[in-house]
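Novice: My structure file work.cif, mmCIF, C-alpha atoms, is below:
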data_coords
loop_
_atom_site.label_atom_id
_atom_site.label_comp_id
_atom_site.auth_asym_id
_atom_site.auth_seq_id
_atom_site.Cartn_x
_atom_site.Cartn_y
_atom_site.Cartn_z
CA MET A 1 -13.30 -38.83 -9.92
CA ALA A 2 -13.36 -35.74 -7.67
CA ALA A 3 -14.98 -32.64 -9.08
CA GLN A 4 -12.59 -29.96 -10.28
CA PHE A 5 -12.33 -26.96 -7.97
CA VAL A 6 -13.86 -23.78 -9.39
CA PRO A 7 -12.80 -20.55 -7.62
CA ARG A 8 -15.18 -17.63 -7.13
CA GLN A 9 -14.94 -15.11 -9.95
CA VAL A 10 -16.60 -12.30 -8.00
CA PHE A 11 -16.28 -11.31 -4.37
CA PRO A 12 -19.57 -10.38 -2.66
CA SER A 13 -20.22 -6.73 -1.95
CA TYR A 14 -19.89 -5.65 1.67
CA ALA A 15 -21.82 -2.44 2.22
CA SER A 16 -20.57 -2.19 5.80
CA ILE A 17 -16.88 -1.90 4.84
CA PRO A 18 -15.56 1.45 6.18
CA ARG A 19 -14.35 3.76 3.44
CA SER A 20 -11.78 5.87 5.29
CA TYR A 21 -8.88 5.79 7.70
CA PHE A 22 -8.04 9.50 7.61
CA LEU A 23 -6.80 10.20 11.14
CA GLY A 24 -5.80 13.40 12.90
CA HIS A 25 -2.07 12.86 12.50
CA HIS A 26 -2.59 12.17 8.77
CA ARG A 27 -4.20 15.59 8.32
CA ALA A 28 -1.58 17.31 10.49
CA GLY A 29 1.24 15.55 8.67
CA LEU A 30 -0.05 16.54 5.24
CA THR A 31 -0.43 20.18 6.35
CA LYS A 32 3.15 20.18 7.66
CA MET A 33 4.45 18.63 4.42
CA LYS A 34 2.82 21.41 2.39
CA SER A 35 4.35 24.09 4.62
CA MET A 36 7.85 22.59 4.15
CA LEU A 37 7.81 22.30 0.36
CA SER A 38 9.87 25.47 -0.14
CA THR A 39 12.79 23.73 1.62
CA ILE A 40 12.41 20.39 -0.21
CA ASP A 41 14.35 19.53 -3.37
CA TYR A 42 12.72 16.19 -4.14
CA VAL A 43 9.70 14.11 -3.15
CA VAL A 44 9.84 10.32 -3.20
CA GLU A 45 6.33 8.87 -3.23
CA CYS A 46 6.11 5.24 -2.07
CA ARG A 47 3.39 2.90 -3.27
CA ASP A 48 2.85 -0.80 -2.59
CA ALA A 49 3.64 -2.98 -5.62
CA ARG A 50 0.86 -5.39 -4.58
CA VAL A 51 -1.69 -2.56 -4.93
CA PRO A 52 0.03 -0.16 -7.36
CA ILE A 53 -3.27 1.50 -8.27
CA SER A 54 -5.14 1.41 -4.96
CA SER A 55 -2.15 2.77 -3.00
CA VAL A 56 -2.06 5.97 -5.07
CA ASN A 57 -3.26 8.81 -2.84
CA PRO A 58 -4.72 11.64 -4.98
CA MET A 59 -4.11 14.05 -2.11
CA PHE A 60 -0.39 14.03 -2.83
CA GLU A 61 -1.01 15.28 -6.36
CA GLU A 62 -2.70 18.39 -4.97
CA ALA A 63 -0.55 18.91 -1.89
CA LEU A 64 2.93 18.46 -3.33
CA GLY A 65 2.51 20.68 -6.36
CA GLN A 66 5.33 20.87 -8.87
CA THR A 67 8.11 19.55 -6.63
CA ARG A 68 10.29 17.05 -8.49
CA ARG A 69 9.14 13.56 -7.70
CA LEU A 70 10.19 9.92 -7.89
CA ILE A 71 7.73 7.04 -7.64
CA VAL A 72 9.01 4.03 -5.72
CA TYR A 73 6.99 0.82 -5.67
CA THR A 74 7.90 -1.09 -2.53
CA LYS A 75 7.56 -4.81 -1.68
CA ARG A 76 8.07 -5.87 -5.30
CA ASP A 77 9.13 -9.33 -4.07
CA LEU A 78 5.67 -9.83 -2.54
CA GLY A 79 3.80 -8.91 -5.73
CA ALA A 80 5.45 -11.68 -7.79
CA GLU A 81 8.33 -14.13 -7.62
CA THR A 82 11.59 -12.20 -8.05
CA GLY A 83 12.78 -12.24 -11.67
CA SER A 84 9.71 -14.11 -12.90
CA PRO A 85 7.98 -13.29 -16.22
CA ALA A 86 4.94 -12.21 -14.15
CA GLN A 87 7.03 -9.66 -12.26
CA LYS A 88 8.60 -8.26 -15.44
CA ALA A 89 5.21 -7.99 -17.17
CA ALA A 90 3.57 -6.30 -14.18
CA GLU A 91 6.37 -3.76 -13.75
CA LYS A 92 6.38 -2.94 -17.46
CA MET A 93 2.66 -2.20 -17.29
CA ILE A 94 2.92 -0.20 -14.05
CA ARG A 95 5.59 2.05 -15.58
CA LYS A 96 3.07 3.09 -18.23
CA PHE A 97 0.83 4.52 -15.51
CA ASP A 98 3.56 7.01 -14.46
CA ARG A 99 5.06 8.19 -17.71
CA ASN A 100 5.73 11.68 -16.33
CA SER A 101 7.74 10.41 -13.33
CA THR A 102 10.89 8.38 -12.84
CA VAL A 103 9.86 4.98 -11.45
CA PHE A 104 11.77 2.47 -9.31
CA PHE A 105 10.86 -0.88 -7.76
CA VAL A 106 12.36 -2.14 -4.49
CA SER A 107 11.94 -5.36 -2.52
CA SER A 108 10.77 -5.48 1.08
CA SER A 109 14.19 -6.44 2.46
CA SER A 110 16.76 -6.21 -0.33
CA ARG A 111 19.14 -3.28 0.17
CA PRO A 112 20.85 -3.52 -3.26
CA ASP A 113 17.52 -2.59 -4.91
CA VAL A 114 18.02 0.98 -3.69
CA SER A 115 21.32 1.52 -5.51
CA SER A 116 19.56 2.90 -8.61
CA ILE A 117 17.58 5.33 -6.45
CA LEU A 118 20.78 6.53 -4.76
CA LYS A 119 22.45 7.05 -8.13
CA HIS A 120 19.49 9.07 -9.39
CA LEU A 121 19.43 11.29 -6.29
CA ARG A 122 23.21 11.68 -6.30
CA ASP A 123 23.09 12.98 -9.86
CA ASP A 124 19.88 15.00 -9.68
CA ALA A 125 18.84 15.85 -6.13
CA ALA A 126 20.43 19.31 -6.09
CA GLY A 127 21.43 21.92 -8.61
CA PRO A 128 25.08 23.03 -8.98
CA ASP A 129 24.47 26.22 -6.96
CA LYS A 130 23.05 24.41 -3.92
CA LEU A 131 25.02 25.54 -0.86
CA VAL A 132 23.47 23.24 1.73
CA GLY A 133 22.53 19.58 1.68
CA ALA A 134 19.69 18.52 -0.61
CA ARG A 135 16.51 17.51 1.23
CA VAL A 136 14.29 14.68 0.01
CA MET A 137 10.85 14.05 1.53
CA ILE A 138 9.54 10.46 1.59
CA VAL A 139 5.73 10.27 1.41
CA GLY A 140 3.09 7.59 0.93
CA MET A 141 0.11 5.77 2.38
CA PRO A 142 0.39 4.28 5.90
CA ASN A 143 2.63 1.23 6.26
CA VAL A 144 3.65 1.29 2.62
CA GLY A 145 7.35 0.88 3.44
CA LYS A 146 8.68 4.45 3.74
CA SER A 147 10.73 3.88 6.89
CA THR A 148 12.19 0.63 5.55
CA LEU A 149 13.20 2.43 2.36
CA ILE A 150 14.94 5.17 4.37
CA ASN A 151 16.87 2.63 6.45
CA ASN A 152 17.96 0.76 3.30
CA LEU A 153 19.00 4.00 1.58
CA ARG A 154 21.04 4.99 4.65
CA ASN A 155 22.65 1.56 5.02
CA HIS A 156 23.55 1.27 1.34
CA GLY A 157 24.41 4.93 0.87
CA VAL A 158 26.56 5.80 3.90
CA LYS A 159 26.97 2.32 5.49
CA LYS A 160 25.20 3.23 8.74
CA ALA A 161 22.59 1.42 10.81
CA LYS A 162 18.88 2.16 10.55
CA ALA A 163 17.78 5.59 11.65
CA VAL A 164 13.98 5.28 11.81
CA GLN A 165 11.67 2.81 13.50
CA THR A 166 9.66 0.33 11.43
CA GLY A 167 6.71 -1.93 12.26
CA GLY A 168 4.07 -4.24 10.83
CA GLN A 169 1.14 -1.95 11.60
CA PRO A 170 0.45 1.62 10.38
CA GLY A 171 0.99 4.60 12.66
CA ILE A 172 4.61 4.00 13.74
CA THR A 173 5.65 7.38 12.29
CA ARG A 174 3.44 10.18 13.66
CA LYS A 175 5.52 13.28 12.85
CA ILE A 176 7.93 14.41 10.18
CA GLY A 177 11.37 13.16 11.20
CA THR A 178 14.71 14.91 11.37
CA PRO A 179 16.90 14.80 8.23
CA VAL A 180 18.78 11.52 7.75
CA LYS A 181 21.91 11.55 5.60
CA ILE A 182 21.89 8.96 2.81
CA ILE A 183 24.49 10.27 0.33
CA GLU A 184 27.96 11.78 0.72
CA ARG A 185 29.34 13.64 -2.33
CA GLU A 186 32.85 14.97 -2.89
CA ASN A 187 32.02 17.97 -5.04
CA ALA A 188 28.45 18.62 -3.90
CA PRO A 189 26.53 18.85 -0.64
CA PRO A 190 25.17 15.63 0.91
CA VAL A 191 21.62 14.37 0.42
CA TYR A 192 19.25 14.01 3.37
CA VAL A 193 15.85 12.32 3.55
CA LEU A 194 12.93 13.09 5.86
CA ASP A 195 10.45 10.45 6.99
CA THR A 196 6.79 11.49 7.15
CA PRO A 197 3.58 10.03 8.61
CA GLY A 198 1.63 7.82 6.25
CA VAL A 199 -1.39 9.68 4.89
CA PHE A 200 -4.59 7.85 4.00
CA MET A 201 -7.21 9.38 1.71
CA PRO A 202 -10.37 10.91 3.25
CA TYR A 203 -12.68 8.65 1.29
CA VAL A 204 -12.28 5.41 -0.71
CA ALA A 205 -14.98 5.25 -3.37
CA ASP A 206 -14.71 1.49 -3.97
CA ALA A 207 -15.15 -0.83 -0.98
CA GLU A 208 -12.95 -3.42 -2.68
CA ASP A 209 -10.07 -0.94 -2.80
CA MET A 210 -10.47 -0.56 0.96
CA LEU A 211 -10.23 -4.34 1.35
CA LYS A 212 -7.06 -4.39 -0.75
CA LEU A 213 -5.42 -1.63 1.29
CA ALA A 214 -6.42 -3.30 4.56
CA LEU A 215 -5.08 -6.64 3.36
CA CYS A 216 -1.73 -5.00 2.65
CA GLY A 217 -1.68 -3.42 6.11
CA CYS A 218 -2.37 0.20 5.17
CA VAL A 219 -5.03 0.37 7.88
CA LYS A 220 -4.94 -1.22 11.33
CA ASP A 221 -6.15 -4.80 11.46
CA SER A 222 -8.96 -3.80 13.84
CA VAL A 223 -10.69 -1.56 11.28
CA ILE A 224 -12.18 -4.39 9.18
CA SER A 225 -13.32 -7.79 10.45
CA PRO A 226 -10.34 -10.17 10.12
CA VAL A 227 -12.66 -12.95 8.90
CA THR A 228 -13.98 -10.71 6.11
CA LEU A 229 -10.40 -9.79 5.21
CA ALA A 230 -9.29 -13.44 5.26
CA ASP A 231 -12.26 -14.32 3.04
CA TYR A 232 -11.19 -11.64 0.56
CA LEU A 233 -7.65 -13.01 0.66
CA LEU A 234 -8.94 -16.55 0.05
CA TYR A 235 -10.82 -15.25 -2.99
CA HIS A 236 -7.57 -13.90 -4.46
CA ILE A 237 -5.44 -16.91 -3.49
CA ASN A 238 -7.89 -19.21 -5.27
CA LEU A 239 -7.59 -17.13 -8.44
CA HIS A 240 -3.78 -17.34 -8.37
CA LYS A 241 -2.60 -20.35 -6.36
CA PRO A 242 -5.35 -22.47 -4.76
CA ASP A 243 -2.85 -25.07 -3.51
CA ALA A 244 -1.06 -22.47 -1.34
CA TYR A 245 -2.98 -23.52 1.78
CA GLN A 246 -3.23 -27.26 1.09
CA ARG A 247 -1.33 -28.14 4.31
CA TRP A 248 -4.44 -26.99 6.21
CA SER A 249 -7.30 -27.62 3.82
CA PRO A 250 -8.18 -28.78 0.31
CA ALA A 251 -9.12 -25.99 -2.11
CA THR A 252 -12.29 -24.28 -0.93
CA ASN A 253 -14.34 -21.13 -1.37
CA GLU A 254 -15.58 -21.30 2.22
CA ILE A 255 -13.53 -19.31 4.70
CA HIS A 256 -14.97 -20.64 7.98
CA PRO A 257 -14.06 -24.35 7.46
CA LEU A 258 -10.60 -23.27 6.32
CA LEU A 259 -10.05 -21.11 9.40
CA ASP A 260 -11.33 -23.88 11.68
CA SER A 261 -8.83 -26.31 10.20
CA PHE A 262 -6.07 -23.70 10.25
CA ALA A 263 -6.76 -22.94 13.92
CA HIS A 264 -6.69 -26.61 14.94
CA LYS A 265 -3.50 -27.36 13.03
CA THR A 266 -1.64 -24.28 14.28
CA GLY A 267 -2.88 -24.39 17.88
CA LEU A 268 -4.92 -21.19 17.73
CA LEU A 269 -7.61 -22.45 20.10
CA ALA A 270 -9.66 -20.86 22.87
CA LYS A 271 -10.83 -22.62 26.03
CA GLY A 272 -12.35 -26.01 25.40
CA GLY A 273 -10.44 -26.43 22.15
CA ILE A 274 -12.73 -24.04 20.28
CA PRO A 275 -11.03 -22.41 17.26
CA ASN A 276 -10.13 -18.75 17.80
CA THR A 277 -11.49 -17.69 14.43
CA ASP A 278 -10.44 -14.03 14.50
CA LEU A 279 -6.89 -14.87 15.60
CA ALA A 280 -6.69 -17.62 12.98
CA ALA A 281 -7.80 -15.12 10.33
CA LEU A 282 -5.10 -12.63 11.39
CA HIS A 283 -2.40 -15.31 11.31
CA PHE A 284 -3.60 -16.48 7.90
CA ILE A 285 -3.36 -12.91 6.59
CA GLN A 286 0.10 -12.43 8.11
CA LYS A 287 1.35 -15.50 6.26
CA TRP A 288 0.29 -13.95 2.97
CA ARG A 289 1.91 -10.64 3.90
CA ALA A 290 5.14 -12.57 4.48
CA GLY A 291 4.91 -14.17 1.04
CA GLU A 292 3.97 -17.67 2.26
CA LEU A 293 0.58 -17.96 0.53
CA GLY A 294 1.45 -16.85 -2.98
CA ARG A 295 2.89 -13.63 -4.35
CA PHE A 296 0.55 -11.68 -6.58
CA VAL A 297 -0.82 -8.21 -7.38
CA LEU A 298 -4.31 -7.51 -6.04
CA ASP A 299 -5.13 -4.71 -8.51
CA ASP A 300 -6.31 -5.53 -12.03
CA LEU A 301 -3.53 -3.95 -14.09
CA GLU A 302 -5.08 -4.78 -17.45
CA ALA A 303 -8.35 -3.12 -16.48
CA GLN A 304 -6.41 -0.06 -15.32
CA GLU A 305 -4.58 0.07 -18.65
CA ARG A 306 -7.92 0.04 -20.49
CA ARG A 307 -9.22 2.85 -18.24
CA ARG A 308 -6.06 4.88 -18.81
CA GLU A 309 -6.25 4.51 -22.59
CA SER A 310 -9.90 5.55 -22.59
CA GLY A 311 -9.30 8.56 -20.31
CA ILE A 312 -11.55 7.23 -17.53
CA GLU A 313 -8.66 7.23 -15.04
CA ASP A 314 -8.31 11.01 -15.20
CA GLU A 315 -12.04 11.44 -14.60
CA GLU A 316 -11.86 9.18 -11.51
CA ARG A 317 -8.97 11.16 -10.03
CA LEU A 318 -10.76 14.43 -10.54
CA SER A 319 -13.88 13.14 -8.77
CA ILE A 320 -12.20 12.47 -5.40
CA THR A 321 -13.46 15.79 -3.98
CA GLN A 322 -16.98 15.02 -5.17
CA ALA A 323 -16.76 11.59 -3.53
CA MET A 324 -15.74 13.18 -0.22
CA LYS A 325 -18.71 15.56 -0.41
CA ALA A 326 -21.05 12.66 -1.20
CA GLU A 327 -19.78 10.78 1.85
CA LYS A 328 -20.47 13.77 4.11
CA VAL A 329 -23.97 14.13 2.67
CA GLY A 330 -24.59 10.41 3.18
CA LYS A 331 -23.56 10.58 6.84
CA ARG A 332 -25.69 13.66 7.38
CA ASN A 333 -28.72 11.92 5.88
CA GLN A 334 -28.17 8.87 8.10
CA ILE A 335 -28.22 11.10 11.18
CA ILE A 336 -31.45 12.75 10.03
CA GLU A 337 -33.14 9.45 9.13
CA SER A 338 -32.26 7.60 12.34
CA PRO A 339 -34.63 9.57 14.68
CA ALA A 340 -37.38 9.29 12.07
CA LYS A 341 -37.09 5.49 12.01
CA GLN A 342 -37.30 5.33 15.79
CA LYS A 343 -40.62 7.21 15.89
#
Any chance you could give the structure as structure tokens?
Specialist:
Amino acid sequence: MAAQFVPRQVFPSYASIPRSYFLGHHRAGLTKMKSMLSTIDYVVECRDARVPISSVNPMFEEALGQTRRLIVYTKRDLGAETGSPAQKAAEKMIRKFDRNSTVFFVSSSSRPDVSSILKHLRDDAAGPDKLVGARVMIVGMPNVGKSTLINNLRNHGVKKAKAVQTGGQPGITRKIGTPVKIIERENAPPVYVLDTPGVFMPYVADAEDMLKLALCGCVKDSVISPVTLADYLLYHINLHKPDAYQRWSPATNEIHPLLDSFAHKTGLLAKGGIPNTDLAALHFIQKWRAGELGRFVLDDLEAQERRRESGIEDEERLSITQAMKAEKVGKRNQIIESPAKQK
């Protein structure tokens, strides 16, 4: 009888994983957002339902101040099967993390999901004395689904075609967009939304959080080795649905044999029939992003709930500035040590 497959319970630590993706247009975009707050009635912060904890950017807490805010978790259909007990349980737990904000969940392609958001904004986006249209700013990490949300709001709200460009990689939106009308109201001004560049955090304290964000496409696929990322994905697939890739390979904890088989069976070969491992890894990852290799949340929601109840979560959020300073000191020390090692 064949031995029962045992998935890895821990993913190995990768010290070389980069901890930031804070680019120039992220910084410029955040500065512009802050300067526009006096003209904004509402902020809608988008987070990825597959990484509801890791896709929280603490910088928005500081930058956006007391502006009224909605939290929208995007790609809910990729975090669990739609309508499943797992989806209902996850969303119930996630709502507890944002008790001071109104929370919505939307699927990656389902326009009807936005109807509840439109109703909320129609009723609450502007006070009775507002003379001009209400303005809503959409913010979030890179490639978290902001532009898709805007297009769905526009299509469902005023029955018009998409107004902003979308794409599978971060960086499509580089500047704050012009206002896009999403709601017409008979006895009140219309509601407009503004698209903004995705903003990454300056420093990610946990390398595994960086892997999660990269796996969900919040950083460009060139930032982290695709084989490392595919290996991290395999680790999670095996914990949730190890038969998801059985058309290419039996259940395994070894990424290289899996990618070799995947490359041969999908035709991703270099000259001489040699497997193109990096390309195979990217295609493997894309299949998961499309929901073809299991639908599950990468963050540990139960562990987050325990941290929240114990007050540790608040301490972690407050330490982001200290983490950034530690990263700068670490880089400075590396520069000083390098010449010494060469002597």
Novice: Enter the distance from atom CA of Lys181 of chain A to atom CA of Met141 of chain A, in Å, rounded to one decimal.
Specialist: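 Result for atom CA of Lys181 of chain A versus atom CA of Met141 of chain A: 22.8 Å, one decimal.
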Novice: Translate the PyMOL selection byres ((chain A and resi 156) around 10) into a concrete residue list for this structure, as an MDAnalysis selection string.
Specialist: chainID A and resid 111:115 118 150:155 157:161 182:183
Novice: I need the residue nearest Thr74 of chain A from this list: A:Gln246, A:Gln286, A:Thr228, A:Ser109. Use all atoms listed in the file for the distance.
Specialist: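 Closest residue, counting all atoms listed in the file: A:Ser109.
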Novice: Would you translate the PyMOL selection byres ((chain A and resi 40) around 9) into the concrete set of residues it matches in this file, as a list in words?
Specialist: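 Answer for the PyMOL selection byres ((chain A and resi 40) around 9): Met36, Leu37, Ser38, Thr39, Asp41, Tyr42, Val43, Thr67, Ala134, Arg135, Val136 and Met137 of chain A.
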Novice: If you keep C-alpha atoms, can you produce a file of those selected residues as an mmCIF file, in the frame of the given file?
Specialist:
data_model
loop_
_atom_site.group_PDB
_atom_site.id
_atom_site.type_symbol
_atom_site.label_atom_id
_atom_site.label_comp_id
_atom_site.auth_asym_id
_atom_site.auth_seq_id
_atom_site.Cartn_x
_atom_site.Cartn_y
_atom_site.Cartn_z
ATOM 1 C CA MET A 36 7.850 22.590 4.150
ATOM 2 C CA LEU A 37 7.810 22.300 0.360
ATOM 3 C CA SER A 38 9.870 25.470 -0.140
ATOM 4 C CA THR A 39 12.790 23.730 1.620
ATOM 5 C CA ASP A 41 14.350 19.530 -3.370
ATOM 6 C CA TYR A 42 12.720 16.190 -4.140
ATOM 7 C CA VAL A 43 9.700 14.110 -3.150
ATOM 8 C CA THR A 67 8.110 19.550 -6.630
ATOM 9 C CA ALA A 134 19.690 18.520 -0.610
ATOM 10 C CA ARG A 135 16.510 17.510 1.230
ATOM 11 C CA VAL A 136 14.290 14.680 0.010
ATOM 12 C CA MET A 137 10.850 14.050 1.530
#
Novice: Report, in Å to a single decimal, how far apart atom CA of Lys241 of chain A and atom CA of Arg295 of chain A are.
Specialist: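 Answer for the atom CA of Arg295 of chain A to atom CA of Lys241 of chain A separation: 8.9 Å.
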Novice: Given only C-alpha atoms as the basis, pick out the residue of A:Ile176, A:Ala281, A:Met201, A:Ala49 nearest to Ala28 of chain A.
Specialist: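 Checking each of A:Ile176, A:Ala281, A:Met201, A:Ala49 against Ala28 of chain A, counting only C-alpha atoms, the winner is A:Ile176.
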Novice: Of the candidates A:Phe5, A:Ala90, A:Leu23, A:Arg99, which one gets nearest to Lys220 of chain A if we count all atoms listed in the file?
Specialist: A:Leu23
Novice: For the file shown, what are the residues hit by the PyMOL selection byres ((chain A and resi 178) around 8), laid out as a list of chain:residue names?
Specialist: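 Answer for the PyMOL selection byres ((chain A and resi 178) around 8): A:Ile176, A:Gly177, A:Pro179, A:Val180, A:Leu194, A:Asp195.
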Novice: Which of these, A:Ala188, A:Leu211, A:Ile237, A:Ile255, has the shortest distance to Phe296 of chain A once you count only C-alpha atoms?
Specialist: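 The closest residue to Phe296 of chain A is A:Ile237.
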Novice: The residues within 10 Å of (-8.1, -30.6, 8.2), using only C-alpha atoms and the coordinates of the file, should be reported as a PyMOL selection string; which are they?
Specialist: chain A and resi 246-250+257-265
Novice: I need the residue nearest Gly217 of chain A from this list: A:Arg185, A:Arg50, A:Lys88, A:Lys96. Use only C-alpha atoms for the distance.
Specialist: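 Looking only at the distances to Gly217 of chain A, the closest residue turns out to be A:Arg50.
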Novice: Of the candidates A:Lys32, A:Val297, A:Ile285, A:Gly133, which one gets nearest to Glu91 of chain A if we count only C-alpha atoms?
Specialist: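 For Glu91 of chain A, the nearest of the given residues is A:Val297.
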Novice: Take the point (-2.5, -17.1, 5.9) in the file's coordinates, draw a sphere of radius 10 Å around it, and report as a list of chain:residue names every protein, DNA or RNA residue with an atom inside or on it, counting only C-alpha atoms.
Specialist: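 These residues have at least one counted atom within 10 Å: A:Ala230, A:Leu233, A:Leu234, A:Ile237, A:Ala244, A:Tyr245, A:Leu259, A:Phe262, A:Ala280, A:Ala281, A:Leu282, A:His283, A:Phe284, A:Ile285, A:Gln286, A:Lys287, A:Trp288, A:Arg289, A:Ala290, A:Gly291, A:Glu292, A:Leu293, A:Gly294.
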